[in-house]
$ cat coords.pdb   # PDB, C-alpha atoms
ATOM      1  CA  PRO A   1       0.000   0.000   0.000
ATOM      2  CA  ARG A   2       1.057   3.545  -0.709
ATOM      3  CA  ALA A   3       2.417   5.464   2.277
ATOM      4  CA  PRO A   4       0.127   8.205   3.586
ATOM      5  CA  SER A   5       0.754  11.637   2.143
ATOM      6  CA  THR A   6       2.771  14.094   4.212
ATOM      7  CA  TRP A   7       1.415  17.060   2.235
ATOM      8  CA  ALA A   8       0.004  19.862   4.333
ATOM      9  CA  PRO A   9      -2.143  22.794   3.229
ATOM     10  CA  TYR A  10      -0.237  25.897   2.132
ATOM     11  CA  SER A  11      -1.487  27.771   5.177
ATOM     12  CA  ALA A  12       0.251  25.266   7.454
ATOM     13  CA  HIS A  13       3.567  25.875   5.708
ATOM     14  CA  THR A  14       3.186  29.653   5.883
ATOM     15  CA  GLU A  15       2.654  29.419   9.646
ATOM     16  CA  LYS A  16       6.047  27.718   9.954
ATOM     17  CA  ILE A  17       7.639  30.423   7.821
ATOM     18  CA  LYS A  18       6.172  33.107  10.065
ATOM     19  CA  MET A  19       8.012  31.559  13.005
ATOM     20  CA  PHE A  20      11.316  32.653  11.434
ATOM     21  CA  ALA A  21      12.187  36.068  12.844
ATOM     22  CA  PRO A  22      14.639  37.998  10.644
ATOM     23  CA  ARG A  23      17.322  39.597  12.777
ATOM     24  CA  LEU A  24      18.251  42.411  10.409
ATOM     25  CA  ALA A  25      14.875  43.833   9.417
ATOM     26  CA  GLY A  26      15.254  47.497   8.495
ATOM     27  CA  LYS A  27      19.051  47.292   8.163
ATOM     28  CA  ARG A  28      20.855  48.377   4.988
ATOM     29  CA  VAL A  29      24.090  46.796   3.816
ATOM     30  CA  LEU A  30      26.407  48.298   1.211
ATOM     31  CA  MET A  31      28.153  45.703  -0.961
ATOM     32  CA  PHE A  32      30.934  46.681  -3.344
ATOM     33  CA  ALA A  33      31.092  44.975  -6.743
ATOM     34  CA  ASP A  34      33.348  45.029  -9.767
ATOM     35  CA  PHE A  35      34.261  42.694 -12.593
ATOM     36  CA  GLN A  36      35.759  39.275 -11.786
ATOM     37  CA  PHE A  37      34.401  39.083  -8.242
ATOM     38  CA  GLU A  38      34.444  35.658  -6.583
ATOM     39  CA  ASP A  39      30.890  34.556  -7.331
ATOM     40  CA  ALA A  40      30.117  32.778  -4.055
ATOM     41  CA  GLU A  41      31.674  35.532  -1.952
ATOM     42  CA  LEU A  42      29.215  38.079  -3.301
ATOM     43  CA  LEU A  43      26.098  35.973  -3.761
ATOM     44  CA  PHE A  44      26.145  33.955  -0.537
ATOM     45  CA  PRO A  45      26.471  36.949   1.829
ATOM     46  CA  LYS A  46      23.950  38.914  -0.231
ATOM     47  CA  LEU A  47      21.328  36.177   0.016
ATOM     48  CA  ARG A  48      22.021  35.427   3.698
ATOM     49  CA  LEU A  49      21.722  39.084   4.659
ATOM     50  CA  GLU A  50      18.529  39.452   2.627
ATOM     51  CA  GLU A  51      17.184  36.302   4.263
ATOM     52  CA  GLU A  52      17.729  38.008   7.610
ATOM     53  CA  GLY A  53      15.657  40.975   6.436
ATOM     54  CA  ALA A  54      18.417  43.382   5.396
ATOM     55  CA  THR A  55      18.373  45.427   2.193
ATOM     56  CA  VAL A  56      21.613  44.892   0.266
ATOM     57  CA  LEU A  57      22.681  47.774  -1.949
ATOM     58  CA  VAL A  58      25.194  46.751  -4.620
ATOM     59  CA  ALA A  59      27.488  49.643  -5.523
ATOM     60  CA  GLY A  60      30.096  49.881  -8.251
ATOM     61  CA  ALA A  61      32.369  52.416  -9.895
ATOM     62  CA  HIS A  62      30.427  52.221 -13.155
ATOM     63  CA  PRO A  63      26.961  53.601 -14.009
ATOM     64  CA  LYS A  64      23.999  52.344 -12.007
ATOM     65  CA  GLY A  65      22.658  49.139 -13.528
ATOM     66  CA  THR A  66      26.029  47.924 -14.778
ATOM     67  CA  LYS A  67      26.110  44.129 -15.040
ATOM     68  CA  TYR A  68      29.188  42.810 -13.269
ATOM     69  CA  THR A  69      30.175  39.243 -14.058
ATOM     70  CA  GLY A  70      31.909  37.012 -11.545
ATOM     71  CA  LYS A  71      34.894  34.757 -12.206
ATOM     72  CA  TYR A  72      32.572  31.873 -13.021
ATOM     73  CA  GLY A  73      30.087  33.894 -15.030
ATOM     74  CA  TYR A  74      27.348  34.739 -12.540
ATOM     75  CA  PRO A  75      26.044  38.273 -13.089
ATOM     76  CA  VAL A  76      24.916  40.933 -10.633
ATOM     77  CA  ARG A  77      23.673  44.428 -11.453
ATOM     78  CA  SER A  78      24.620  47.466  -9.429
ATOM     79  CA  ASP A  79      21.899  49.376  -7.616
ATOM     80  CA  VAL A  80      23.845  52.601  -7.351
ATOM     81  CA  HIS A  81      27.071  54.303  -8.422
ATOM     82  CA  VAL A  82      29.442  54.407  -5.470
ATOM     83  CA  ASP A  83      29.625  58.217  -5.681
ATOM     84  CA  ASP A  84      25.874  58.392  -4.989
ATOM     85  CA  VAL A  85      25.874  56.250  -1.831
ATOM     86  CA  ASP A  86      24.415  57.974   1.217
ATOM     87  CA  LEU A  87      26.555  56.539   4.009
ATOM     88  CA  ALA A  88      24.197  57.892   6.640
ATOM     89  CA  THR A  89      21.696  55.215   5.561
ATOM     90  CA  ILE A  90      24.166  52.316   5.641
ATOM     91  CA  ASP A  91      24.579  49.896   8.560
ATOM     92  CA  ALA A  92      27.457  47.741   7.252
ATOM     93  CA  LEU A  93      29.853  47.270   4.348
ATOM     94  CA  VAL A  94      30.667  43.911   2.744
ATOM     95  CA  ILE A  95      33.432  43.424   0.164
ATOM     96  CA  PRO A  96      33.750  40.166  -1.810
ATOM     97  CA  GLY A  97      37.030  38.788  -3.087
ATOM     98  CA  GLY A  98      38.200  37.540  -6.443
ATOM     99  CA  PHE A  99      40.091  39.915  -8.699
ATOM    100  CA  ALA A 100      37.484  42.656  -8.153
ATOM    101  CA  PRO A 101      39.210  44.246  -5.119
ATOM    102  CA  ASP A 102      42.200  45.037  -7.327
ATOM    103  CA  TYR A 103      39.872  47.238  -9.372
ATOM    104  CA  MET A 104      38.106  48.596  -6.294
ATOM    105  CA  ARG A 105      41.294  49.785  -4.621
ATOM    106  CA  ARG A 106      41.908  52.096  -7.579
ATOM    107  CA  ASN A 107      38.687  53.972  -6.776
ATOM    108  CA  LYS A 108      39.079  56.903  -4.376
ATOM    109  CA  THR A 109      35.450  56.882  -3.274
ATOM    110  CA  MET A 110      35.499  53.201  -2.348
ATOM    111  CA  LEU A 111      38.742  53.660  -0.430
ATOM    112  CA  GLY A 112      37.300  56.701   1.298
ATOM    113  CA  ILE A 113      34.216  54.785   2.414
ATOM    114  CA  VAL A 114      36.365  51.983   3.823
ATOM    115  CA  ALA A 115      38.617  54.447   5.645
ATOM    116  CA  GLN A 116      35.695  56.373   7.092
ATOM    117  CA  LEU A 117      33.847  53.324   8.372
ATOM    118  CA  VAL A 118      36.920  51.644   9.842
ATOM    119  CA  ALA A 119      37.941  54.859  11.601
ATOM    120  CA  GLU A 120      34.434  55.369  12.899
ATOM    121  CA  GLY A 121      34.577  51.900  14.476
ATOM    122  CA  ARG A 122      30.829  51.454  14.841
ATOM    123  CA  ARG A 123      29.473  49.842  11.672
ATOM    124  CA  PRO A 124      30.821  46.454  10.546
ATOM    125  CA  VAL A 125      33.272  46.432   7.639
ATOM    126  CA  ALA A 126      33.636  42.905   6.268
ATOM    127  CA  GLY A 127      35.997  41.564   3.618
ATOM    128  CA  ILE A 128      36.822  38.053   2.456
ATOM    129  CA  CYS A 129      39.621  36.462   0.421
ATOM    130  CA  HIS A 130      41.332  39.252  -1.608
ATOM    131  CA  ALA A 131      39.090  41.979  -0.156
ATOM    132  CA  PRO A 132      41.673  42.897   2.538
ATOM    133  CA  TRP A 133      43.624  44.497  -0.301
ATOM    134  CA  MET A 134      41.155  47.326   0.324
ATOM    135  CA  PHE A 135      42.253  47.555   3.945
ATOM    136  CA  CYS A 136      45.870  47.786   2.794
ATOM    137  CA  SER A 137      45.124  50.569   0.296
ATOM    138  CA  ALA A 138      42.609  52.626   2.301
ATOM    139  CA  ARG A 139      44.370  55.148   4.551
ATOM    140  CA  ASP A 140      43.483  56.692   7.884
ATOM    141  CA  ALA A 141      43.875  60.367   8.802
ATOM    142  CA  THR A 142      47.617  59.879   9.385
ATOM    143  CA  GLY A 143      48.121  58.262   5.974
ATOM    144  CA  ALA A 144      48.617  54.772   7.397
ATOM    145  CA  PRO A 145      46.790  51.714   6.002
ATOM    146  CA  VAL A 146      43.595  51.092   7.969
ATOM    147  CA  VAL A 147      44.697  47.477   8.566
ATOM    148  CA  ARG A 148      47.782  48.626  10.501
ATOM    149  CA  GLY A 149      47.790  47.035  13.945
ATOM    150  CA  LYS A 150      44.662  45.002  13.245
ATOM    151  CA  ARG A 151      44.249  41.233  13.127
ATOM    152  CA  CYS A 152      43.181  40.191   9.641
ATOM    153  CA  ALA A 153      42.365  36.952   7.830
ATOM    154  CA  ALA A 154      42.797  36.833   4.055
ATOM    155  CA  PHE A 155      43.639  34.542   1.158
ATOM    156  CA  PHE A 156      47.179  33.264   1.802
ATOM    157  CA  ALA A 157      48.508  34.817  -1.425
ATOM    158  CA  ILE A 158      48.049  38.331  -0.028
ATOM    159  CA  LYS A 159      49.576  37.585   3.378
ATOM    160  CA  ASP A 160      52.630  39.687   2.497
ATOM    161  CA  ASP A 161      50.400  42.604   1.454
ATOM    162  CA  VAL A 162      48.676  42.525   4.843
ATOM    163  CA  LEU A 163      51.979  42.274   6.727
ATOM    164  CA  ASN A 164      53.635  45.006   4.670
ATOM    165  CA  ALA A 165      50.686  47.277   5.429
ATOM    166  CA  GLY A 166      51.236  46.732   9.147
ATOM    167  CA  GLY A 167      48.417  44.251   9.674
ATOM    168  CA  ILE A 168      48.596  41.070  11.750
ATOM    169  CA  PHE A 169      47.860  38.120   9.455
ATOM    170  CA  VAL A 170      45.753  35.401  11.087
ATOM    171  CA  ASP A 171      45.055  32.069   9.390
ATOM    172  CA  ASP A 172      41.578  31.545  10.894
ATOM    173  CA  PRO A 173      38.162  31.050   9.234
ATOM    174  CA  VAL A 174      36.946  34.393  10.526
ATOM    175  CA  VAL A 175      38.639  37.174  12.483
ATOM    176  CA  VAL A 176      36.850  40.031  14.224
ATOM    177  CA  ASP A 177      38.961  42.986  15.328
ATOM    178  CA  GLY A 178      36.811  45.906  16.377
ATOM    179  CA  ASN A 179      34.421  46.553  13.514
ATOM    180  CA  LEU A 180      36.675  44.809  10.988
ATOM    181  CA  ILE A 181      35.512  41.301   9.980
ATOM    182  CA  THR A 182      37.703  39.198   7.679
ATOM    183  CA  SER A 183      37.835  35.668   6.277
ATOM    184  CA  ARG A 184      40.064  33.638   3.973
ATOM    185  CA  THR A 185      38.163  31.757   1.239
ATOM    186  CA  PRO A 186      34.679  30.675   0.100
ATOM    187  CA  GLN A 187      34.978  27.712   2.486
ATOM    188  CA  ASP A 188      34.745  30.253   5.337
ATOM    189  CA  LEU A 189      31.519  31.892   4.142
ATOM    190  CA  VAL A 190      29.312  30.407   6.856
ATOM    191  CA  PRO A 191      31.309  31.776   9.838
ATOM    192  CA  PHE A 192      31.958  34.969   7.847
ATOM    193  CA  CYS A 193      28.220  35.592   7.468
ATOM    194  CA  HIS A 194      27.515  34.562  11.051
ATOM    195  CA  ALA A 195      30.012  37.179  12.244
ATOM    196  CA  ILE A 196      28.457  39.924  10.076
ATOM    197  CA  ILE A 197      24.911  39.085  11.158
ATOM    198  CA  SER A 198      25.903  38.909  14.838
ATOM    199  CA  ALA A 199      27.714  42.252  14.649
ATOM    200  CA  MET A 200      24.703  43.910  13.022
ATOM    201  CA  ALA A 201      22.089  42.278  15.235
ATOM    202  CA  ASP A 202      23.786  43.017  18.550
ATOM    203  CA  PRO A 203      22.894  46.420  20.035
TER     204      PRO A 203
END
$ encode --input "coords.pdb" --output "structure tokens"
Amino acid sequence: PRAPSTWAPYSAHTEKIKMFAPRLAGKRVLMFADFQFEDAELLFPKLRLEEEGATVLVAGAHPKGTKYTGKYGYPVRSDVHVDDVDLATIDALVIPGGFAPDYMRRNKTMLGIVAQLVAEGRRPVAGICHAPWMFCSARDATGAPVVRGKRCAAFFAIKDDVLNAGGIFVDDPVVVDGNLITSRTPQDLVPFCHAIISAMADP
């Protein structure tokens, strides 16, 4: 005999969905993008943050609506030109890796946003894989790299860049030093996102 059906009415499923309480409702996250980003490092955090109720604003150095393609071909369109970002409305910054950060660190506005948020010390600034290049290139008020004196995880190939900028390289899945959150590779995306969500959700 056929096993009894486990199907439940749609209303029963929606009740279970309602039990999930997003932790970041009303929050706005700025995410930098450029060509040749590491696909998973942009898409996974974007979807996880949206799942938690946050609005993710993708910003690039090209006109609004530009289609950026990741290393493996996945596209994402920018919501805003980086020059038009209103930082007063932003609760966190997330920077994916791949080759994209090498383009990003040539943009004065992106570097300025990183420097401002790191110096402010209140809103999370998160970068994974090659994204810490941005923390080596962005400068504080004294002209020093913002990563100077900070513990930082990154892809092993840019360890020397972090050290030469005065950072403290740490080979851990995720490192939190003040408002700076860093990770090494796509394999670290789960703890990376957990750290971002926790930092944003905590008062």
$ resolve_selection --input "coords.pdb" --expression "the PyMOL selection byres ((chain A and resi 113) around 12)" --output "PyMOL selection string"
chain A and resi 30-32+59+82-88+90+92-95+104-105+107-112+114-120+123+125+134-135+137-140+146
$ residues_near_point --input "coords.pdb" --point "(29.5, 36.9, 8.9)" --cutoff "12 Å" --atoms "all atoms listed in the file" --output "MDAnalysis selection string"
chainID A and resid 41 44:46 48:49 52 92:96 124:128 173:176 179:183 186 188:201
$ closest_residue --input "coords.pdb" --among "A:Leu163, A:Ala157, A:Ala61, A:Leu24" --to "Cys129 (chain A)" --atoms "all atoms listed in the file"
A:Ala157
$ closest_residue --input "coords.pdb" --among "A:Pro63, A:Gly143, A:Gly166, A:Pro101" --to "His130 (chain A)" --atoms "all atoms listed in the file"
A:Pro101
$ resolve_selection --input "coords.pdb" --expression "the PyMOL selection byres ((chain A and resi 27) around 7)" --output "list in words"
Leu24, Ala25, Gly26, Arg28, Val29, Ala54, Thr55 and Asp91 of chain A
$ resolve_selection --input "coords.pdb" --expression "the PyMOL selection byres ((chain A and resi 74-80) around 8)" --output "count of residues only"
21
$ atom_distance --input "coords.pdb" --atom1 "CA of Tyr103 (chain A)" --atom2 "CA of Ala131 (chain A)"
10.6 Å
$ atom_distance --input "coords.pdb" --atom1 "CA of Asp171 (chain A)" --atom2 "CA of Ala40 (chain A)"
20.1 Å
$ atom_distance --input "coords.pdb" --atom1 "CA of Cys136 (chain A)" --atom2 "CA of Gly178 (chain A)"
16.4 Å
$ axis_aligned_box --input "coords.pdb" --around "region 119-128 of chain A" --padding-each-side "3 Å" --output "JSON"
{"center_x": 33.7, "center_y": 46.7, "center_z": 8.6, "size_x": 14.5, "size_y": 23.3, "size_z": 18.4}
$ decode --input "coords.pdb" --residues "region 144-168 of chain A" --atoms "N, CA and C atoms" --output "compact mmCIF listing (two decimals), in the first residue's frame"
# COMPACT_ATOMS: atom_id res chain seq x y z
N ALA A 144 48.26 56.18 7.21
CA ALA A 144 48.62 54.77 7.40
C ALA A 144 47.49 53.86 6.89
N PRO A 145 47.83 52.67 6.42
CA PRO A 145 46.79 51.71 6.00
C PRO A 145 45.85 51.41 7.17
N VAL A 146 44.57 51.30 6.88
CA VAL A 146 43.59 51.09 7.97
C VAL A 146 43.78 49.74 8.64
N VAL A 147 44.48 48.80 7.97
CA VAL A 147 44.70 47.48 8.57
C VAL A 147 45.87 47.49 9.56
N ARG A 148 46.62 48.56 9.61
CA ARG A 148 47.78 48.63 10.50
C ARG A 148 47.38 48.34 11.95
N GLY A 149 48.05 47.38 12.55
CA GLY A 149 47.79 47.04 13.95
C GLY A 149 46.57 46.17 14.17
N LYS A 150 45.88 45.79 13.10
CA LYS A 150 44.66 45.00 13.25
C LYS A 150 44.90 43.56 12.82
N ARG A 151 44.22 42.64 13.50
CA ARG A 151 44.25 41.23 13.13
C ARG A 151 43.38 41.05 11.89
N CYS A 152 43.87 40.28 10.93
CA CYS A 152 43.18 40.19 9.64
C CYS A 152 43.39 38.82 9.00
N ALA A 153 42.30 38.17 8.63
CA ALA A 153 42.36 36.95 7.83
C ALA A 153 42.26 37.35 6.36
N ALA A 154 42.84 36.54 5.48
CA ALA A 154 42.80 36.83 4.05
C ALA A 154 43.27 35.60 3.30
N PHE A 155 43.08 35.61 1.98
CA PHE A 155 43.64 34.54 1.16
C PHE A 155 45.16 34.55 1.33
N PHE A 156 45.76 33.35 1.44
CA PHE A 156 47.18 33.26 1.80
C PHE A 156 48.10 34.02 0.83
N ALA A 157 47.66 34.17 -0.43
CA ALA A 157 48.51 34.82 -1.42
C ALA A 157 48.73 36.30 -1.15
N ILE A 158 47.85 36.91 -0.33
CA ILE A 158 48.05 38.33 -0.03
C ILE A 158 48.52 38.54 1.42
N LYS A 159 49.04 37.47 2.02
CA LYS A 159 49.58 37.58 3.38
C LYS A 159 50.63 38.68 3.45
N ASP A 160 51.56 38.69 2.48
CA ASP A 160 52.63 39.69 2.50
C ASP A 160 52.08 41.11 2.38
N ASP A 161 51.01 41.28 1.59
CA ASP A 161 50.40 42.60 1.45
C ASP A 161 49.87 43.09 2.80
N VAL A 162 49.21 42.17 3.53
CA VAL A 162 48.68 42.53 4.84
C VAL A 162 49.82 42.87 5.81
N LEU A 163 50.85 42.03 5.82
CA LEU A 163 51.98 42.27 6.73
C LEU A 163 52.71 43.57 6.38
N ASN A 164 52.93 43.80 5.09
CA ASN A 164 53.64 45.01 4.67
C ASN A 164 52.84 46.28 4.97
N ALA A 165 51.53 46.13 5.09
CA ALA A 165 50.69 47.28 5.43
C ALA A 165 50.57 47.46 6.94
N GLY A 166 51.25 46.59 7.69
CA GLY A 166 51.24 46.73 9.15
C GLY A 166 50.17 45.93 9.84
N GLY A 167 49.44 45.09 9.07
CA GLY A 167 48.42 44.25 9.67
C GLY A 167 49.01 43.01 10.32
N ILE A 168 48.19 42.31 11.08
CA ILE A 168 48.60 41.07 11.75
C ILE A 168 47.84 39.94 11.07
